[in-house]
file model09.pdb (PDB, C-alpha atoms)
ATOM      1  CA  MET A   5     -74.195   4.065   7.103  1.00  0.00           C
ATOM      2  CA  SER A   6     -71.247   1.928   6.042  1.00  0.00           C
ATOM      3  CA  SER A   7     -70.311  -1.211   7.939  1.00  0.00           C
ATOM      4  CA  LYS A   8     -67.060   0.490   8.995  1.00  0.00           C
ATOM      5  CA  ASP A   9     -69.024   3.419  10.498  1.00  0.00           C
ATOM      6  CA  ARG A  10     -71.412   1.017  12.203  1.00  0.00           C
ATOM      7  CA  ARG A  11     -68.534  -0.959  13.767  1.00  0.00           C
ATOM      8  CA  LYS A  12     -66.934   2.266  14.977  1.00  0.00           C
ATOM      9  CA  ARG A  13     -70.209   3.408  16.548  1.00  0.00           C
ATOM     10  CA  GLU A  14     -70.730   0.003  18.180  1.00  0.00           C
ATOM     11  CA  LYS A  15     -67.194   0.113  19.634  1.00  0.00           C
ATOM     12  CA  GLU A  16     -67.808   3.596  21.041  1.00  0.00           C
ATOM     13  CA  GLU A  17     -71.117   2.448  22.541  1.00  0.00           C
ATOM     14  CA  LEU A  18     -69.523  -0.612  24.159  1.00  0.00           C
ATOM     15  CA  ARG A  19     -66.681   1.518  25.572  1.00  0.00           C
ATOM     16  CA  ALA A  20     -69.251   3.924  27.032  1.00  0.00           C
ATOM     17  CA  LYS A  21     -71.217   0.983  28.484  1.00  0.00           C
ATOM     18  CA  ILE A  22     -68.075  -0.430  30.116  1.00  0.00           C
ATOM     19  CA  LEU A  23     -67.318   2.950  31.705  1.00  0.00           C
ATOM     20  CA  GLN A  24     -70.913   3.416  32.872  1.00  0.00           C
ATOM     21  CA  GLU A  25     -71.073  -0.023  34.470  1.00  0.00           C
ATOM     22  CA  ALA A  26     -67.686   0.545  36.130  1.00  0.00           C
ATOM     23  CA  LEU A  27     -69.154   3.726  37.655  1.00  0.00           C
ATOM     24  CA  HIS A  28     -72.107   1.734  38.968  1.00  0.00           C
ATOM     25  CA  ILE A  29     -69.894  -0.924  40.541  1.00  0.00           C
ATOM     26  CA  ILE A  30     -67.691   1.688  42.219  1.00  0.00           C
ATOM     27  CA  GLY A  31     -70.741   3.630  43.367  1.00  0.00           C
ATOM     28  CA  GLU A  32     -72.345   0.510  44.859  1.00  0.00           C
ATOM     29  CA  LYS A  33     -69.334  -1.353  46.259  1.00  0.00           C
ATOM     30  CA  GLY A  34     -66.284   0.896  46.172  1.00  0.00           C
ATOM     31  CA  VAL A  35     -63.253   1.070  43.924  1.00  0.00           C
ATOM     32  CA  GLU A  36     -61.639  -1.962  45.571  1.00  0.00           C
ATOM     33  CA  GLN A  37     -64.494  -4.193  44.389  1.00  0.00           C
ATOM     34  CA  LEU A  38     -64.138  -3.161  40.765  1.00  0.00           C
ATOM     35  CA  THR A  39     -62.364  -5.952  38.935  1.00  0.00           C
ATOM     36  CA  ILE A  40     -62.191  -6.649  35.240  1.00  0.00           C
ATOM     37  CA  ARG A  41     -63.921  -9.999  35.849  1.00  0.00           C
ATOM     38  CA  ALA A  42     -66.772  -8.420  37.886  1.00  0.00           C
ATOM     39  CA  LEU A  43     -67.202  -5.791  35.220  1.00  0.00           C
ATOM     40  CA  ALA A  44     -67.214  -8.407  32.440  1.00  0.00           C
ATOM     41  CA  ASN A  45     -69.884 -10.393  34.279  1.00  0.00           C
ATOM     42  CA  ARG A  46     -71.968  -7.285  34.714  1.00  0.00           C
ATOM     43  CA  ILE A  47     -71.950  -6.367  31.021  1.00  0.00           C
ATOM     44  CA  GLU A  48     -72.145 -10.017  29.935  1.00  0.00           C
ATOM     45  CA  TYR A  49     -68.930 -10.011  27.926  1.00  0.00           C
ATOM     46  CA  SER A  50     -65.650 -11.817  28.486  1.00  0.00           C
ATOM     47  CA  PRO A  51     -62.823 -10.062  30.345  1.00  0.00           C
ATOM     48  CA  ARG A  52     -60.860 -10.265  27.088  1.00  0.00           C
ATOM     49  CA  THR A  53     -63.369  -7.851  25.511  1.00  0.00           C
ATOM     50  CA  ILE A  54     -62.710  -5.275  28.220  1.00  0.00           C
ATOM     51  CA  TYR A  55     -58.971  -5.642  27.663  1.00  0.00           C
ATOM     52  CA  LEU A  56     -59.526  -4.640  24.049  1.00  0.00           C
ATOM     53  CA  TYR A  57     -60.527  -1.206  25.376  1.00  0.00           C
ATOM     54  CA  PHE A  58     -58.461  -0.847  28.563  1.00  0.00           C
ATOM     55  CA  ALA A  59     -54.990  -2.189  29.351  1.00  0.00           C
ATOM     56  CA  ASN A  60     -55.831  -2.837  33.023  1.00  0.00           C
ATOM     57  CA  LYS A  61     -57.940  -1.594  35.933  1.00  0.00           C
ATOM     58  CA  GLN A  62     -55.768   1.514  36.380  1.00  0.00           C
ATOM     59  CA  ASP A  63     -56.262   2.438  32.730  1.00  0.00           C
ATOM     60  CA  LEU A  64     -60.017   1.979  33.169  1.00  0.00           C
ATOM     61  CA  LEU A  65     -60.062   4.200  36.275  1.00  0.00           C
ATOM     62  CA  HIS A  66     -58.011   6.853  34.515  1.00  0.00           C
ATOM     63  CA  SER A  67     -60.452   6.734  31.586  1.00  0.00           C
ATOM     64  CA  LEU A  68     -63.390   7.203  33.974  1.00  0.00           C
ATOM     65  CA  VAL A  69     -61.871  10.398  35.338  1.00  0.00           C
ATOM     66  CA  GLU A  70     -60.856  11.647  31.907  1.00  0.00           C
ATOM     67  CA  SER A  71     -64.326  11.037  30.458  1.00  0.00           C
ATOM     68  CA  GLY A  72     -65.797  13.169  33.265  1.00  0.00           C
ATOM     69  CA  TYR A  73     -63.319  15.945  32.602  1.00  0.00           C
ATOM     70  CA  GLN A  74     -63.868  15.674  28.859  1.00  0.00           C
ATOM     71  CA  ARG A  75     -67.601  16.268  29.396  1.00  0.00           C
ATOM     72  CA  SER A  76     -66.667  19.309  31.481  1.00  0.00           C
ATOM     73  CA  TRP A  77     -64.309  20.555  28.791  1.00  0.00           C
ATOM     74  CA  ASP A  78     -66.920  20.095  26.074  1.00  0.00           C
ATOM     75  CA  ARG A  79     -69.446  21.984  28.188  1.00  0.00           C
ATOM     76  CA  MET A  80     -67.199  24.850  29.299  1.00  0.00           C
ATOM     77  CA  SER A  81     -64.741  25.504  26.494  1.00  0.00           C
ATOM     78  CA  THR A  82     -67.007  27.445  24.159  1.00  0.00           C
ATOM     79  CA  PRO A  83     -65.460  30.593  22.646  1.00  0.00           C
ATOM     80  CA  ARG A  84     -65.068  33.022  25.531  1.00  0.00           C
ATOM     81  CA  GLU A  85     -62.851  35.838  24.251  1.00  0.00           C
ATOM     82  CA  GLU A  86     -65.610  38.451  24.456  1.00  0.00           C
ATOM     83  CA  ALA A  87     -66.658  37.538  28.006  1.00  0.00           C
ATOM     84  CA  THR A  88     -65.462  39.269  31.166  1.00  0.00           C
ATOM     85  CA  ALA A  89     -63.372  37.411  33.734  1.00  0.00           C
ATOM     86  CA  ARG A  90     -66.435  37.164  35.984  1.00  0.00           C
ATOM     87  CA  GLU A  91     -68.592  35.749  33.159  1.00  0.00           C
ATOM     88  CA  ASN A  92     -65.944  33.136  32.365  1.00  0.00           C
ATOM     89  CA  LEU A  93     -65.585  32.154  36.009  1.00  0.00           C
ATOM     90  CA  THR A  94     -69.376  32.024  36.349  1.00  0.00           C
ATOM     91  CA  LEU A  95     -69.463  29.572  33.426  1.00  0.00           C
ATOM     92  CA  GLN A  96     -66.836  27.456  35.162  1.00  0.00           C
ATOM     93  CA  ILE A  97     -68.631  27.365  38.497  1.00  0.00           C
ATOM     94  CA  ALA A  98     -72.090  26.832  37.028  1.00  0.00           C
ATOM     95  CA  GLY A  99     -70.772  24.114  34.717  1.00  0.00           C
ATOM     96  CA  HIS A 100     -69.108  22.325  37.603  1.00  0.00           C
ATOM     97  CA  LEU A 101     -72.194  22.483  39.816  1.00  0.00           C
ATOM     98  CA  ARG A 102     -74.448  21.383  36.951  1.00  0.00           C
ATOM     99  CA  MET A 103     -72.165  18.478  36.071  1.00  0.00           C
ATOM    100  CA  GLY A 104     -72.421  17.191  39.632  1.00  0.00           C
ATOM    101  CA  MET A 105     -76.173  17.613  39.731  1.00  0.00           C
ATOM    102  CA  ASP A 106     -76.662  15.913  36.358  1.00  0.00           C
ATOM    103  CA  ASN A 107     -74.489  12.897  37.184  1.00  0.00           C
ATOM    104  CA  PRO A 108     -74.168  12.562  40.977  1.00  0.00           C
ATOM    105  CA  GLU A 109     -72.808   9.018  40.944  1.00  0.00           C
ATOM    106  CA  GLY A 110     -70.197   9.836  38.333  1.00  0.00           C
ATOM    107  CA  TYR A 111     -69.188  12.993  40.174  1.00  0.00           C
ATOM    108  CA  ARG A 112     -68.656  11.149  43.474  1.00  0.00           C
ATOM    109  CA  VAL A 113     -66.654   8.436  41.755  1.00  0.00           C
ATOM    110  CA  VAL A 114     -64.405  10.925  39.944  1.00  0.00           C
ATOM    111  CA  LEU A 115     -63.630  12.706  43.225  1.00  0.00           C
ATOM    112  CA  MET A 116     -62.904   9.367  44.886  1.00  0.00           C
ATOM    113  CA  LEU A 117     -60.534   8.387  42.075  1.00  0.00           C
ATOM    114  CA  LEU A 118     -58.721  11.729  42.196  1.00  0.00           C
ATOM    115  CA  ASP A 119     -57.714  10.828  45.761  1.00  0.00           C
ATOM    116  CA  GLU A 120     -56.279   7.439  44.771  1.00  0.00           C
ATOM    117  CA  PRO A 121     -52.538   7.194  45.539  1.00  0.00           C
ATOM    118  CA  GLY A 122     -50.425   7.733  42.457  1.00  0.00           C
ATOM    119  CA  PHE A 123     -53.240   9.172  40.372  1.00  0.00           C
ATOM    120  CA  ILE A 124     -51.825  11.143  37.425  1.00  0.00           C
ATOM    121  CA  PRO A 125     -54.040  13.838  35.848  1.00  0.00           C
ATOM    122  CA  GLY A 126     -54.951  13.323  32.215  1.00  0.00           C
ATOM    123  CA  GLU A 127     -55.142  15.755  29.331  1.00  0.00           C
ATOM    124  CA  PHE A 128     -58.735  16.903  29.880  1.00  0.00           C
ATOM    125  CA  GLN A 129     -58.306  17.268  33.628  1.00  0.00           C
ATOM    126  CA  ARG A 130     -55.267  19.479  33.019  1.00  0.00           C
ATOM    127  CA  ARG A 131     -57.157  21.515  30.402  1.00  0.00           C
ATOM    128  CA  VAL A 132     -60.223  22.079  32.591  1.00  0.00           C
ATOM    129  CA  GLU A 133     -58.215  22.936  35.687  1.00  0.00           C
ATOM    130  CA  GLU A 134     -55.851  25.251  33.783  1.00  0.00           C
ATOM    131  CA  MET A 135     -58.821  27.072  32.250  1.00  0.00           C
ATOM    132  CA  ALA A 136     -60.430  27.453  35.684  1.00  0.00           C
ATOM    133  CA  ARG A 137     -57.134  28.585  37.220  1.00  0.00           C
ATOM    134  CA  ARG A 138     -56.647  31.151  34.428  1.00  0.00           C
ATOM    135  CA  ASP A 139     -60.218  32.454  34.844  1.00  0.00           C
ATOM    136  CA  LEU A 140     -59.751  32.708  38.604  1.00  0.00           C
ATOM    137  CA  GLY A 141     -56.450  34.553  38.193  1.00  0.00           C
ATOM    138  CA  SER A 142     -58.047  36.988  35.726  1.00  0.00           C
ATOM    139  CA  TYR A 143     -61.000  37.600  38.002  1.00  0.00           C
ATOM    140  CA  LEU A 144     -58.765  38.287  41.008  1.00  0.00           C
ATOM    141  CA  SER A 145     -56.145  40.127  38.902  1.00  0.00           C
ATOM    142  CA  LEU A 146     -53.458  37.839  40.339  1.00  0.00           C
ATOM    143  CA  SER A 147     -50.117  37.465  38.627  1.00  0.00           C
ATOM    144  CA  ASP A 148     -48.262  35.790  41.516  1.00  0.00           C
ATOM    145  CA  ASP A 149     -48.332  32.090  40.621  1.00  0.00           C
ATOM    146  CA  SER A 150     -47.731  30.796  44.142  1.00  0.00           C
ATOM    147  CA  ALA A 151     -50.588  32.905  45.560  1.00  0.00           C
ATOM    148  CA  LEU A 152     -52.846  31.808  42.710  1.00  0.00           C
ATOM    149  CA  ASP A 153     -51.953  28.148  43.326  1.00  0.00           C
ATOM    150  CA  ARG A 154     -52.960  28.405  46.992  1.00  0.00           C
ATOM    151  CA  ILE A 155     -56.202  30.233  46.197  1.00  0.00           C
ATOM    152  CA  PHE A 156     -57.023  27.829  43.352  1.00  0.00           C
ATOM    153  CA  ASP A 157     -56.633  24.819  45.652  1.00  0.00           C
ATOM    154  CA  LEU A 158     -59.071  26.391  48.129  1.00  0.00           C
ATOM    155  CA  PHE A 159     -61.409  27.387  45.301  1.00  0.00           C
ATOM    156  CA  LEU A 160     -61.535  23.794  44.013  1.00  0.00           C
ATOM    157  CA  ALA A 161     -62.063  22.392  47.504  1.00  0.00           C
ATOM    158  CA  SER A 162     -64.928  24.837  48.123  1.00  0.00           C
ATOM    159  CA  LEU A 163     -66.528  24.146  44.768  1.00  0.00           C
ATOM    160  CA  ARG A 164     -66.297  20.378  45.206  1.00  0.00           C
ATOM    161  CA  GLY A 165     -67.638  20.573  48.753  1.00  0.00           C
ATOM    162  CA  MET A 166     -70.608  22.699  47.702  1.00  0.00           C
ATOM    163  CA  THR A 167     -71.306  20.367  44.777  1.00  0.00           C
ATOM    164  CA  LEU A 168     -71.301  17.319  47.076  1.00  0.00           C
ATOM    165  CA  SER A 169     -73.593  19.142  49.497  1.00  0.00           C
ATOM    166  CA  LEU A 170     -76.037  19.907  46.672  1.00  0.00           C
ATOM    167  CA  ILE A 171     -75.890  16.296  45.483  1.00  0.00           C
ATOM    168  CA  ARG A 172     -76.881  15.077  48.964  1.00  0.00           C
ATOM    169  CA  GLN A 173     -79.911  17.372  48.822  1.00  0.00           C
ATOM    170  CA  ILE A 174     -81.220  16.075  45.465  1.00  0.00           C
ATOM    171  CA  PRO A 175     -83.678  13.586  47.011  1.00  0.00           C
ATOM    172  CA  LEU A 176     -84.873  16.117  49.582  1.00  0.00           C
ATOM    173  CA  LEU A 177     -85.600  19.198  47.477  1.00  0.00           C
ATOM    174  CA  THR A 178     -87.669  20.116  44.447  1.00  0.00           C
ATOM    175  CA  LYS A 179     -85.918  21.105  41.241  1.00  0.00           C
ATOM    176  CA  GLU A 180     -86.742  24.769  41.906  1.00  0.00           C
ATOM    177  CA  GLU A 181     -85.294  24.581  45.428  1.00  0.00           C
ATOM    178  CA  LEU A 182     -82.130  22.959  44.090  1.00  0.00           C
ATOM    179  CA  GLU A 183     -81.775  25.730  41.504  1.00  0.00           C
ATOM    180  CA  LYS A 184     -82.069  28.301  44.311  1.00  0.00           C
ATOM    181  CA  ARG A 185     -79.389  26.455  46.295  1.00  0.00           C
ATOM    182  CA  MET A 186     -77.120  26.416  43.251  1.00  0.00           C
ATOM    183  CA  ALA A 187     -77.573  30.172  42.854  1.00  0.00           C
ATOM    184  CA  LEU A 188     -76.798  30.619  46.552  1.00  0.00           C
ATOM    185  CA  ALA A 189     -73.648  28.504  46.187  1.00  0.00           C
ATOM    186  CA  MET A 190     -72.540  30.772  43.337  1.00  0.00           C
ATOM    187  CA  GLN A 191     -73.158  33.861  45.468  1.00  0.00           C
ATOM    188  CA  MET A 192     -71.194  32.365  48.357  1.00  0.00           C
ATOM    189  CA  ILE A 193     -68.221  31.517  46.151  1.00  0.00           C
ATOM    190  CA  PHE A 194     -68.157  34.980  44.580  1.00  0.00           C
ATOM    191  CA  GLY A 195     -68.654  36.574  47.988  1.00  0.00           C
ATOM    192  CA  SER A 196     -65.550  34.758  49.263  1.00  0.00           C
ATOM    193  CA  LEU A 197     -63.578  35.650  46.148  1.00  0.00           C
ATOM    194  CA  ASN A 198     -64.613  39.299  46.413  1.00  0.00           C
ATOM    195  CA  THR A 199     -63.024  39.522  49.864  1.00  0.00           C
ATOM    196  CA  LEU A 200     -59.729  38.531  48.236  1.00  0.00           C
ATOM    197  CA  GLN A 201     -59.974  41.412  45.769  1.00  0.00           C
ATOM    198  CA  ASN A 202     -60.024  44.017  48.543  1.00  0.00           C
TER     199      ASN A 202
END

call {"tool": "encode", "arguments": {"input": "model09.pdb", "output": "structure tokens"}}
result
Amino acid sequence: MSSKDRRKREKEELRAKILQEALHIIGEKGVEQLTIRALANRIEYSPRTIYLYFANKQDLLHSLVESGYQRSWDRMSTPREEATARENLTLQIAGHLRMGMDNPEGYRVVLMLLDEPGFIPGEFQRRVEEMARRDLGSYLSLSDDSALDRIFDLFLASLRGMTLSLIRQIPLLTKEELEKRMALAMQMIFGSLNTLQN
């Protein structure tokens, strides 16, 4: 590996470490307690180092959300042309639930940041949500954009609520029981959507 490749990898690793530690601080103390100085102390670097990666706290928070959505995009955007609308929507729902279960702290933080005043969605958030909206519209055979917008908002709220509920159950249930609850959540979502098709 060349020294240029090594430096690039080290930069990517430090950026990931900064984001991970920011998640921990927010998860432990809340978004208000996340400061560049507190974060620098936590990772044992100077604040100046963090500013090499992020312009300010808002940029850091935006990057946290985008990195979560990028993981979702990477997980859910496999070639899907041959799949049915239901199969595509199933991938979306399962991917969302799994993402929350695999990284509960990160999931909670991303939802918290989405509610911050003035938050502007990033590229990967727009991609993931547009793909989910398109899959939902195909599944329900909806062409009316305003109706689809209303249903999509409720769909997201339901999916996020069920994911948070499953996350709260992680310490209480075995892995097998959690898998059963995830399957039940999928059935409930599709059951609700099926009533809209009639």

call {"tool": "atom_distance", "arguments": {"input": "model09.pdb", "atom1": "CA of Ile193 in chain A", "atom2": "CA of Arg164 in chain A"}}
result
11.3 Å

call {"tool": "atom_distance", "arguments": {"input": "model09.pdb", "atom1": "CA of Asp139 in chain A", "atom2": "CA of Ala89 in chain A"}}
result
6.0 Å

call {"tool": "atom_distance", "arguments": {"input": "model09.pdb", "atom1": "CA of Val69 in chain A", "atom2": "CA of Ile97 in chain A"}}
result
18.5 Å

call {"tool": "residues_near_point", "arguments": {"input": "model09.pdb", "point": "(-65.5, 5.0, 34.8)", "cutoff": "8 Å", "atoms": "only C-alpha atoms", "output": "count of residues only"}}
result
16

call {"tool": "closest_residue", "arguments": {"input": "model09.pdb", "among": "A:Arg79, A:Arg131, A:Lys8, A:His28", "to": "Arg102 in chain A", "atoms": "only C-alpha atoms"}}
result
A:Arg79

call {"tool": "residues_around", "arguments": {"input": "model09.pdb", "residues": "range 47-49 of chain A", "least_positions_apart": "2", "cutoff": "8 Å", "atoms": "only C-alpha atoms", "output": "number ranges by chain"}}
result
A: 21-22, 25, 43-45, 51, 53-54

call {"tool": "closest_residue", "arguments": {"input": "model09.pdb", "among": "A:Gln201, A:Ser162, A:Ser196, A:Thr94", "to": "Ser145 in chain A", "atoms": "all atoms listed in the file"}}
result
A:Gln201

call {"tool": "resolve_selection", "arguments": {"input": "model09.pdb", "expression": "the PyMOL selection byres ((chain A and resi 153) around 12)", "output": "list in words"}}
result
Glu133, Glu134, Ala136, Arg137, Arg138, Leu140, Gly141, Leu146, Ser147, Asp148, Asp149, Ser150, Ala151, Leu152, Arg154, Ile155, Phe156, Asp157, Leu158, Phe159 and Leu160 of chain A

call {"tool": "closest_residue", "arguments": {"input": "model09.pdb", "among": "A:Met135, A:Ala59, A:Ala98, A:Ile29", "to": "Arg46 in chain A", "atoms": "all atoms listed in the file"}}
result
A:Ile29

call {"tool": "closest_residue", "arguments": {"input": "model09.pdb", "among": "A:Glu109, A:Glu127, A:Glu120, A:Glu17", "to": "Gly31 in chain A", "atoms": "all atoms listed in the file"}}
result
A:Glu109

call {"tool": "closest_atom_pairs", "arguments": {"input": "model09.pdb", "of": "range 82-148 of chain A", "to": "range 168-176 of chain A", "cutoff": "10 Å", "atoms": "all atoms listed in the file", "output": "Markdown table"}}
result
| residue | atom | partner | partner_atom | distance |
| --- | --- | --- | --- | --- |
| A:Leu101 | CA | A:Leu170 | CA | 8.3 |
| A:Arg102 | CA | A:Leu170 | CA | 10.0 |
| A:Gly104 | CA | A:Ile171 | CA | 6.9 |
| A:Met105 | CA | A:Ile171 | CA | 5.9 |
| A:Asp106 | CA | A:Ile171 | CA | 9.2 |
| A:Asn107 | CA | A:Ile171 | CA | 9.1 |
| A:Pro108 | CA | A:Ile171 | CA | 6.1 |
| A:Glu109 | CA | A:Ile171 | CA | 9.1 |
| A:Tyr111 | CA | A:Leu168 | CA | 8.4 |
| A:Arg112 | CA | A:Leu168 | CA | 7.6 |
| A:Leu115 | CA | A:Leu168 | CA | 9.7 |

call {"tool": "residues_around", "arguments": {"input": "model09.pdb", "residues": "Gln129 in chain A", "least_positions_apart": "3", "cutoff": "7 Å", "atoms": "all atoms listed in the file", "output": "number ranges by chain"}}
result
A: 70, 73, 125-126, 132-133

call {"tool": "write_last_selection", "arguments": {"input": "model09.pdb", "atoms": "C-alpha atoms", "output": "PDB file, in the coordinates of the input"}}
result
ATOM      1  CA  GLU A  70     -60.856  11.647  31.907  1.00  0.00           C
ATOM      2  CA  TYR A  73     -63.319  15.945  32.602  1.00  0.00           C
ATOM      3  CA  PRO A 125     -54.040  13.838  35.848  1.00  0.00           C
ATOM      4  CA  GLY A 126     -54.951  13.323  32.215  1.00  0.00           C
ATOM      5  CA  VAL A 132     -60.223  22.079  32.591  1.00  0.00           C
ATOM      6  CA  GLU A 133     -58.215  22.936  35.687  1.00  0.00           C
TER       7      GLU A 133
END

call {"tool": "closest_residue", "arguments": {"input": "model09.pdb", "among": "A:Phe128, A:Gln37, A:Pro121, A:Leu93", "to": "Leu163 in chain A", "atoms": "only C-alpha atoms"}}
result
A:Leu93

call {"tool": "build_atoms", "arguments": {"input": "model09.pdb", "residues": "range 98-115 of chain A", "atoms": "N, CA, C and O atoms", "output": "compact mmCIF listing (two decimals), in the coordinates of the input"}}
result
# COMPACT_ATOMS: atom_id res chain seq x y z
N ALA A 98 -70.77 27.38 37.37
CA ALA A 98 -72.09 26.83 37.03
C ALA A 98 -71.96 25.48 36.32
O ALA A 98 -72.72 24.54 36.60
N GLY A 99 -70.99 25.38 35.42
CA GLY A 99 -70.77 24.11 34.72
C GLY A 99 -70.38 23.00 35.66
O GLY A 99 -70.85 21.87 35.55
N HIS A 100 -69.54 23.32 36.62
CA HIS A 100 -69.11 22.32 37.60
C HIS A 100 -70.29 21.87 38.47
O HIS A 100 -70.51 20.66 38.64
N LEU A 101 -71.03 22.83 38.99
CA LEU A 101 -72.19 22.48 39.82
C LEU A 101 -73.21 21.65 39.02
O LEU A 101 -73.73 20.65 39.51
N ARG A 102 -73.46 22.08 37.80
CA ARG A 102 -74.45 21.38 36.95
C ARG A 102 -73.98 19.96 36.63
O ARG A 102 -74.77 19.03 36.63
N MET A 103 -72.69 19.81 36.37
CA MET A 103 -72.17 18.48 36.07
C MET A 103 -72.41 17.53 37.24
O MET A 103 -72.83 16.39 37.06
N GLY A 104 -72.17 18.01 38.45
CA GLY A 104 -72.42 17.19 39.63
C GLY A 104 -73.88 16.86 39.81
O GLY A 104 -74.24 15.73 40.17
N MET A 105 -74.73 17.83 39.56
CA MET A 105 -76.17 17.61 39.73
C MET A 105 -76.73 16.67 38.66
O MET A 105 -77.62 15.89 38.92
N ASP A 106 -76.17 16.75 37.45
CA ASP A 106 -76.66 15.91 36.36
C ASP A 106 -76.18 14.47 36.46
O ASP A 106 -76.83 13.57 35.95
N ASN A 107 -75.04 14.25 37.09
CA ASN A 107 -74.49 12.90 37.18
C ASN A 107 -73.86 12.70 38.56
O ASN A 107 -72.64 12.62 38.70
N PRO A 108 -74.69 12.63 39.61
CA PRO A 108 -74.17 12.56 40.98
C PRO A 108 -73.24 11.37 41.22
O PRO A 108 -72.20 11.51 41.84
N GLU A 109 -73.63 10.21 40.73
CA GLU A 109 -72.81 9.02 40.94
C GLU A 109 -71.44 9.18 40.29
O GLU A 109 -70.41 8.92 40.89
N GLY A 110 -71.45 9.63 39.05
CA GLY A 110 -70.20 9.84 38.33
C GLY A 110 -69.32 10.87 39.01
O GLY A 110 -68.10 10.72 39.11
N TYR A 111 -69.93 11.93 39.51
CA TYR A 111 -69.19 12.99 40.17
C TYR A 111 -68.50 12.46 41.43
O TYR A 111 -67.31 12.70 41.64
N ARG A 112 -69.24 11.71 42.25
CA ARG A 112 -68.66 11.15 43.47
C ARG A 112 -67.50 10.22 43.14
O ARG A 112 -66.46 10.22 43.81
N VAL A 113 -67.69 9.39 42.13
CA VAL A 113 -66.65 8.44 41.76
C VAL A 113 -65.40 9.16 41.27
O VAL A 113 -64.29 8.81 41.66
N VAL A 114 -65.57 10.18 40.44
CA VAL A 114 -64.40 10.92 39.94
C VAL A 114 -63.64 11.53 41.12
O VAL A 114 -62.41 11.43 41.18
N LEU A 115 -64.32 12.13 42.07
CA LEU A 115 -63.63 12.71 43.22
C LEU A 115 -62.90 11.63 44.02
O LEU A 115 -61.78 11.85 44.50
